[in-house]
Structures are given as structure tokens and as C-alpha cells.
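**Q** First the structure, then my questions, so here it is.
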Amino acid sequence: MSVPAACRAADAVFARATFGRYAAMGRAVAIGVLDLLFPHRCPACDALSAGGPGFCPRCAAALVPVPATACPICGAPQGGDGPAFPCPECRSEPPPFAAAASAWLFGGPLAEALGRFKAGRVPEFPTIAAPSLAAVARGVLATGDPAARRGVLAVAVPPDPGRLARRGFDPGTLVAAATARRLDLPFRAGLLVSAPRPRPQRTLSRAERRRALAGVFSAAPWAPRVLAGRTVLLLDDVRTTGSTTAACAALLRRTGAAVVRVATLALVE
Ligand SMILES: [Zn+2]
Ligand SMILES: [Zn+2]
């Protein structure tokens, strides 16, 4: 390279670096101004938040993590305080996913924030929920074969069509998409489709709940091509009986996924 050409290249690098610095400063100033004009509020109680989007300190302190004694396969709380071991249901009939876990127990400020989000308020809730759900997802993905962790595809439990029509948006998909972005994983919406589905019934056995959901979920015609041989991270906002995620995991496996791992934000005890 001639000297003038080298100088021009160096100038261009310097100009880009300088522009990058000013652009970053500009972004920081813009975000600061936006924070002043539109301060963040706690998604549960509306308290003004001094930092970025998130729960206020009081609500954050009231969030209850899932106990460490939860079943390491299906993530169901065991109620005991001994070391984690598979629950009786997982021992008698292994679920169609390799591992499932949830971040928080459903209730308190989390239930309040989720309810408000589903009612169309606190649109920033996916940004607030993504770090917790991403941390749980990293945990369920870390237990597998390291080679299988490459090319992980994130998928959301599809919305019930009636609720989607009423709300005009799907809270679960928005939370899952924000989490996939945080994990830097590809996210495919529309891969699974749901017909109207029955409300989860806790009094039924796992086999009865599976029969109640038979035929409710289907895969898009292009799903086998996308899923072939892949590890799928199935994301959902609330887990009640676990039968919905189990039905979706079974369908993903039948459609070609090699392994399914499940992460949910809140677990209903
Ligand atoms: Zn609060
Ligand atoms: Zn279990």
C-alpha cells in the first residue's frame, strides 16, 4: 500500500472510531433525556424507578425464586427441602423434553405485572422479564451435550386463538422474542399453531391432561425443514400444570427436533 493510501485508510479508521464515540455519547444523552421525559415505572405498583426498566426495590424483594428442590427434569416444585431429584411422575413417565425450569413462583408483584401486561398496560414488560427468563434458559441449556447447544432455536408456546383475537397481541410471544434477543438465539414465530385449548385442569393426571390437549397444537408446513436435528428452547410466560409445554415439546420432537428444553418465567404452585 502506498503511503497516501495508508494515511487515507488510517484517517478513515480514526473517523469511524470518532464517529462511533460521538454516536455512543449521543445515544446515551438521548436515553437520558427519554428517561427524564418518560421515567420508568415499576410494572407492578407504578413506583418511579431511578434506574432502567424493572421492578421497584420493594416489589423486586417480594419476587420468590423457584426452590432449588424443584424436580430437575420437569421443574415441578417438590415441597421438600432435600436435594433435587426427579419427581414421581418423571420417574414413572419421562416427559418429552430433556429439562424444564422456571424463574419465579407465580404470585405477588410478578402476577400483578403479568396481569397488567396481558391487559395491554406496561408494554415494556418483555424487556423487564427477559433477563430472568434468559438466566433460566441458560441453566436448562447448560445441562445438555455442548455440541447440541450450537444452533439452538428459540420457539414460544403458540397463543390460544381466542385470547389472541381479544388482546390483539400475544404476551407469551413478546416475552419469548425479547428473551431470545437477549440470548442472541434465532427465534421463529408461527412455527407452532394452537387451536382453542381447554383451561389447564390440575385435578387430572399427566396422561389425562395429555389426552385433553391431543390435536390442539400443530406445526407449520415449513417446520420440519427448520427443526430437523436441532435443539429447541421452548419459552413460555406462565406454567400451570406443565401439560401445555409438554404437548408442544412432544410435537416439536415429532416434527424433527432432536432435543427440547423448556424455560418459563413463572410457575403456578
Ligand atoms: Zn413496585
Ligand atoms: Zn418431574
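Residues in the C-alpha cells are named by chain (A, B, ... in the order shown) and by number from 1 within that chain; ligands are numbered from 1 in the order shown.
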List every residue of chain A that has an atom at most 6 Å from any atom of ligand 1, and for each one report the closest atom pair and its distance in Å to one decimal, counting only C-alpha atoms and all ligand atoms, with rows sorted by chain and then by increasing residue number, as CSV.
**A**
residue,atom,partner,partner_atom_place_in_ligand_line,distance
A:Cys42,CA,ligand 1,1 (Zn),4.6
A:Ala44,CA,ligand 1,1 (Zn),5.1
A:Cys45,CA,ligand 1,1 (Zn),4.1
A:Ala47,CA,ligand 1,1 (Zn),5.4
A:Phe55,CA,ligand 1,1 (Zn),5.3
A:Cys56,CA,ligand 1,1 (Zn),4.2
A:Arg58,CA,ligand 1,1 (Zn),5.8
A:Cys59,CA,ligand 1,1 (Zn),4.3
**Q** What would the file look like if the residues just selected were written as an mmCIF file, in the first residue's frame with N, CA and C atoms?
**A**
data_model
loop_
_atom_site.group_PDB
_atom_site.id
_atom_site.type_symbol
_atom_site.label_atom_id
_atom_site.label_comp_id
_atom_site.auth_asym_id
_atom_site.auth_seq_id
_atom_site.Cartn_x
_atom_site.Cartn_y
_atom_site.Cartn_z
ATOM 1 N N CYS A 42 -42.385 0.981 37.970
ATOM 2 C CA CYS A 42 -42.445 -0.434 38.327
ATOM 3 C C CYS A 42 -43.661 -1.053 37.637
ATOM 4 N N ALA A 44 -45.439 -3.456 38.457
ATOM 5 C CA ALA A 44 -46.447 -3.986 39.390
ATOM 6 C C ALA A 44 -47.158 -2.884 40.165
ATOM 7 N N CYS A 45 -46.402 -1.858 40.627
ATOM 8 C CA CYS A 45 -47.015 -0.880 41.550
ATOM 9 C C CYS A 45 -46.909 0.553 41.064
ATOM 10 N N ALA A 47 -44.464 2.539 41.017
ATOM 11 C CA ALA A 47 -43.463 3.395 41.678
ATOM 12 C C ALA A 47 -42.437 3.824 40.637
ATOM 13 N N PHE A 55 -38.563 -3.869 38.182
ATOM 14 C CA PHE A 55 -39.391 -3.763 39.380
ATOM 15 C C PHE A 55 -38.744 -2.771 40.351
ATOM 16 N N CYS A 56 -39.561 -2.088 41.154
ATOM 17 C CA CYS A 56 -39.020 -1.209 42.195
ATOM 18 C C CYS A 56 -38.374 -2.104 43.260
ATOM 19 N N ARG A 58 -38.908 -2.594 46.355
ATOM 20 C CA ARG A 58 -39.842 -3.295 47.238
ATOM 21 C C ARG A 58 -40.467 -4.501 46.537
ATOM 22 N N CYS A 59 -40.902 -4.311 45.265
ATOM 23 C CA CYS A 59 -41.510 -5.419 44.522
ATOM 24 C C CYS A 59 -40.453 -6.461 44.162
#
**Q** Select from segment 46-147 of chain A everything DSSP, run on the backbone, classes as strand (DSSP E), then give the selection as a list in words.
**A** Ala99, Ala100, Ala101, Ser102, Ala103, Trp104 and Leu105 of chain A
**Q** What would the file look like if the residues just selected were written as a CSV table (one decimal), in the first residue's frame with N, CA and C atoms?
**A**
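Now in again04.csv:
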chain,number,residue,atom,x,y,z
A,99,ALA,N,-35.2,-31.1,29.9
A,99,ALA,CA,-35.2,-30.3,31.1
A,99,ALA,C,-36.1,-29.2,31.0
A,100,ALA,N,-36.7,-28.8,32.2
A,100,ALA,CA,-37.6,-27.6,32.2
A,100,ALA,C,-37.4,-26.9,33.5
A,101,ALA,N,-37.4,-25.6,33.5
A,101,ALA,CA,-37.2,-24.8,34.8
A,101,ALA,C,-38.0,-23.5,34.6
A,102,SER,N,-38.3,-22.9,35.8
A,102,SER,CA,-39.0,-21.6,35.8
A,102,SER,C,-38.2,-20.7,36.7
A,103,ALA,N,-38.4,-19.4,36.4
A,103,ALA,CA,-37.6,-18.4,37.2
A,103,ALA,C,-38.2,-18.1,38.6
A,104,TRP,N,-39.5,-17.8,38.6
A,104,TRP,CA,-40.2,-17.3,39.8
A,104,TRP,C,-41.4,-18.1,40.1
A,105,LEU,N,-41.8,-18.1,41.3
A,105,LEU,CA,-43.2,-18.7,41.7
A,105,LEU,C,-44.2,-17.6,41.3
**Q** Using only C-alpha atoms and all ligand atoms, which residues of the polymer chains come no farther than 10 Å from ligand 2? I'd like the answer as a list in words.
**A**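 Residues satisfying the distance criterion: Ala70, Cys71, Pro72, Ile73, Cys74, Gly75, Ala76, Pro77, Gln78, Phe85, Pro86, Cys87, Pro88, Glu89, Cys90, Arg91, Ser92, Glu93, Pro94, Pro95, Ala99, Ala100 and Gly242 of chain A.
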**Q** Generate the output file for the selected residues, N, CA and C atoms, as a short mmCIF file (atom, residue, chain, number, x, y, z; two decimals), in the first residue's frame.
**A**
data_model
loop_
_atom_site.label_atom_id
_atom_site.label_comp_id
_atom_site.auth_asym_id
_atom_site.auth_seq_id
_atom_site.Cartn_x
_atom_site.Cartn_y
_atom_site.Cartn_z
N ALA A 70 -36.80 -28.09 43.29
CA ALA A 70 -37.72 -28.43 42.20
C ALA A 70 -37.15 -29.61 41.41
N CYS A 71 -38.07 -30.39 40.79
CA CYS A 71 -37.66 -31.56 40.00
C CYS A 71 -36.69 -31.12 38.89
N PRO A 72 -35.50 -31.72 38.79
CA PRO A 72 -34.52 -31.27 37.80
C PRO A 72 -34.94 -31.56 36.36
N ILE A 73 -35.97 -32.41 36.17
CA ILE A 73 -36.40 -32.72 34.79
C ILE A 73 -37.59 -31.82 34.41
N CYS A 74 -38.70 -31.89 35.17
CA CYS A 74 -39.88 -31.13 34.76
C CYS A 74 -39.99 -29.78 35.46
N GLY A 75 -39.19 -29.55 36.50
CA GLY A 75 -39.20 -28.26 37.17
C GLY A 75 -40.32 -28.08 38.17
N ALA A 76 -41.12 -29.15 38.42
CA ALA A 76 -42.22 -29.03 39.39
C ALA A 76 -41.66 -28.87 40.80
N PRO A 77 -42.27 -27.97 41.60
CA PRO A 77 -41.77 -27.83 42.97
C PRO A 77 -42.07 -29.10 43.75
N GLN A 78 -41.13 -29.54 44.55
CA GLN A 78 -41.30 -30.82 45.25
C GLN A 78 -41.84 -30.63 46.65
N PHE A 85 -34.32 -34.14 43.13
CA PHE A 85 -34.32 -35.45 42.47
C PHE A 85 -35.59 -35.52 41.64
N PRO A 86 -35.60 -36.36 40.57
CA PRO A 86 -36.80 -36.39 39.70
C PRO A 86 -38.06 -36.71 40.50
N CYS A 87 -39.15 -36.03 40.15
CA CYS A 87 -40.42 -36.24 40.85
C CYS A 87 -40.99 -37.61 40.44
N PRO A 88 -41.95 -38.15 41.19
CA PRO A 88 -42.50 -39.48 40.88
C PRO A 88 -43.04 -39.57 39.45
N GLU A 89 -43.68 -38.47 38.96
CA GLU A 89 -44.24 -38.51 37.59
C GLU A 89 -43.12 -38.66 36.56
N CYS A 90 -42.01 -37.94 36.73
CA CYS A 90 -40.89 -38.02 35.77
C CYS A 90 -40.22 -39.39 35.85
N ARG A 91 -40.23 -40.00 37.06
CA ARG A 91 -39.60 -41.32 37.19
C ARG A 91 -40.47 -42.38 36.51
N SER A 92 -41.80 -42.24 36.61
CA SER A 92 -42.67 -43.26 36.02
C SER A 92 -42.87 -43.03 34.52
N GLU A 93 -42.86 -41.76 34.09
CA GLU A 93 -43.09 -41.47 32.66
C GLU A 93 -42.27 -40.23 32.27
N PRO A 94 -41.05 -40.42 31.72
CA PRO A 94 -40.22 -39.26 31.38
C PRO A 94 -40.93 -38.33 30.40
N PRO A 95 -40.88 -37.02 30.63
CA PRO A 95 -41.57 -36.08 29.73
C PRO A 95 -40.85 -35.97 28.38
N ALA A 99 -35.24 -31.08 29.86
CA ALA A 99 -35.21 -30.34 31.12
C ALA A 99 -36.13 -29.15 31.02
N ALA A 100 -36.73 -28.79 32.17
CA ALA A 100 -37.60 -27.61 32.22
C ALA A 100 -37.37 -26.91 33.55
N GLY A 242 -47.96 -27.70 33.36
CA GLY A 242 -46.84 -28.18 32.53
C GLY A 242 -47.32 -28.98 31.33
#
**Q** DSSP on the backbone, then: every residue of segment 28-254 of chain A marked helix (DSSP H, G or I), written as a count of residues only.
**A** 97
**Q** Hey, which of A:Gly144, A:Asp237, A:Cys248, A:Leu153 ends up closest to Gly115 of chain A? Count only C-alpha atoms.
**A**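 Between A:Gly144, A:Asp237, A:Cys248, A:Leu153, the residue approaching Gly115 of chain A most closely is A:Asp237.
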**Q** So that I can see what lies close to Phe187 of chain A, please list as a PyMOL selection string the residues with an atom at most 9 Å from it, counting only C-alpha atoms and leaving out residues fewer than 6 positions away in the same chain.
**A** chain A and resi 153-156+176-177+180-181
**Q** Could you write out that same residue set with N, CA and C atoms as a compact mmCIF listing (two decimals), in the first residue's frame?
**A**
# COMPACT_ATOMS: atom_id res chain seq x y z
N LEU A 153 -32.56 -23.18 18.58
CA LEU A 153 -33.64 -22.36 18.05
C LEU A 153 -34.64 -22.06 19.17
N ALA A 154 -34.99 -20.79 19.35
CA ALA A 154 -35.98 -20.43 20.38
C ALA A 154 -37.37 -20.38 19.76
N VAL A 155 -38.33 -20.98 20.46
CA VAL A 155 -39.71 -21.07 19.99
C VAL A 155 -40.63 -20.74 21.18
N ALA A 156 -41.74 -20.07 20.92
CA ALA A 156 -42.70 -19.77 22.00
C ALA A 156 -43.87 -20.74 21.93
N ALA A 176 -41.02 -14.14 24.92
CA ALA A 176 -40.09 -15.12 24.34
C ALA A 176 -39.15 -14.45 23.34
N ALA A 177 -39.68 -13.56 22.50
CA ALA A 177 -38.85 -12.90 21.49
C ALA A 177 -37.79 -12.01 22.16
N ALA A 180 -35.13 -14.34 23.56
CA ALA A 180 -34.26 -14.88 22.51
C ALA A 180 -33.26 -13.82 22.06
N ARG A 181 -33.72 -12.56 21.95
CA ARG A 181 -32.80 -11.47 21.58
C ARG A 181 -31.69 -11.35 22.62
**Q** Please compute the atom CA of Phe117 of chain A-atom CA of Pro158 of chain A distance, one decimal, in Å.
**A**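 Atom CA of Phe117 of chain A sits 17.3 Å away from atom CA of Pro158 of chain A.
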**Q** Just the residues within 12 Å of Asp46 of chain A, please, counting only C-alpha atoms, with nothing from its chain fewer than 4 positions along; format it as a list in words.
**A**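 My reading of the contact set: Pro39, His40, Arg41, Cys42, Pro53, Gly54, Phe55, Cys56, Pro57, Arg58, Cys59, Pro109, Glu112, Ala113, Arg116, Arg121 and Val122 of chain A.
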**Q** With only C-alpha atoms as the counted atoms, please give the residues lying no more than 6 Å from segment 204-220 of chain A, apart from itself and same-chain residues fewer than 4 positions off, as a compact mmCIF listing (two decimals) with N, CA and C atoms, in the first residue's frame.
**A**
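Dumped everything to out_24.txt:
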# COMPACT_ATOMS: atom_id res chain seq x y z
N LEU A 191 -44.13 -21.12 14.16
CA LEU A 191 -43.70 -22.50 13.88
C LEU A 191 -44.75 -23.49 14.40
N LEU A 192 -45.29 -23.19 15.60
CA LEU A 192 -46.39 -23.99 16.15
C LEU A 192 -47.66 -23.16 16.12
N VAL A 193 -48.78 -23.84 15.95
CA VAL A 193 -50.08 -23.18 15.88
C VAL A 193 -50.99 -23.86 16.89
N SER A 194 -51.84 -23.06 17.55
CA SER A 194 -52.76 -23.64 18.54
C SER A 194 -54.20 -23.48 18.10
N ALA A 195 -54.99 -24.54 18.28
CA ALA A 195 -56.45 -24.45 18.17
C ALA A 195 -56.94 -23.99 19.55
**Q** Which neighbours of Val152 of chain A fall inside 8 Å, counting only C-alpha atoms, when residues of the same chain fewer than 2 positions from it are skipped, and could you give them as a ChimeraX atom specification?
**A** /A:148-150,154,185-186,230-233
**Q** Grab the atom CA of Val259 of chain A to atom CA of Pro161 of chain A distance for me, in Å with one decimal place.
**A** 26.8 Å
**Q** Out of A:Arg239, A:Arg163, A:Arg138, A:Arg225, which residue has the shortest atom-to-atom distance to Val66 of chain A when counting only C-alpha atoms?
**A**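 Looking at the shortest contact to Val66 of chain A, the residue is A:Arg239.
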**Q** So that I can see what lies close to Arg167 of chain A, please list as a PyMOL selection string the residues with an atom at most 8 Å from it, counting only C-alpha atoms and leaving out residues fewer than 2 positions away in the same chain.
**A** chain A and resi 118-120+163-165+169-170
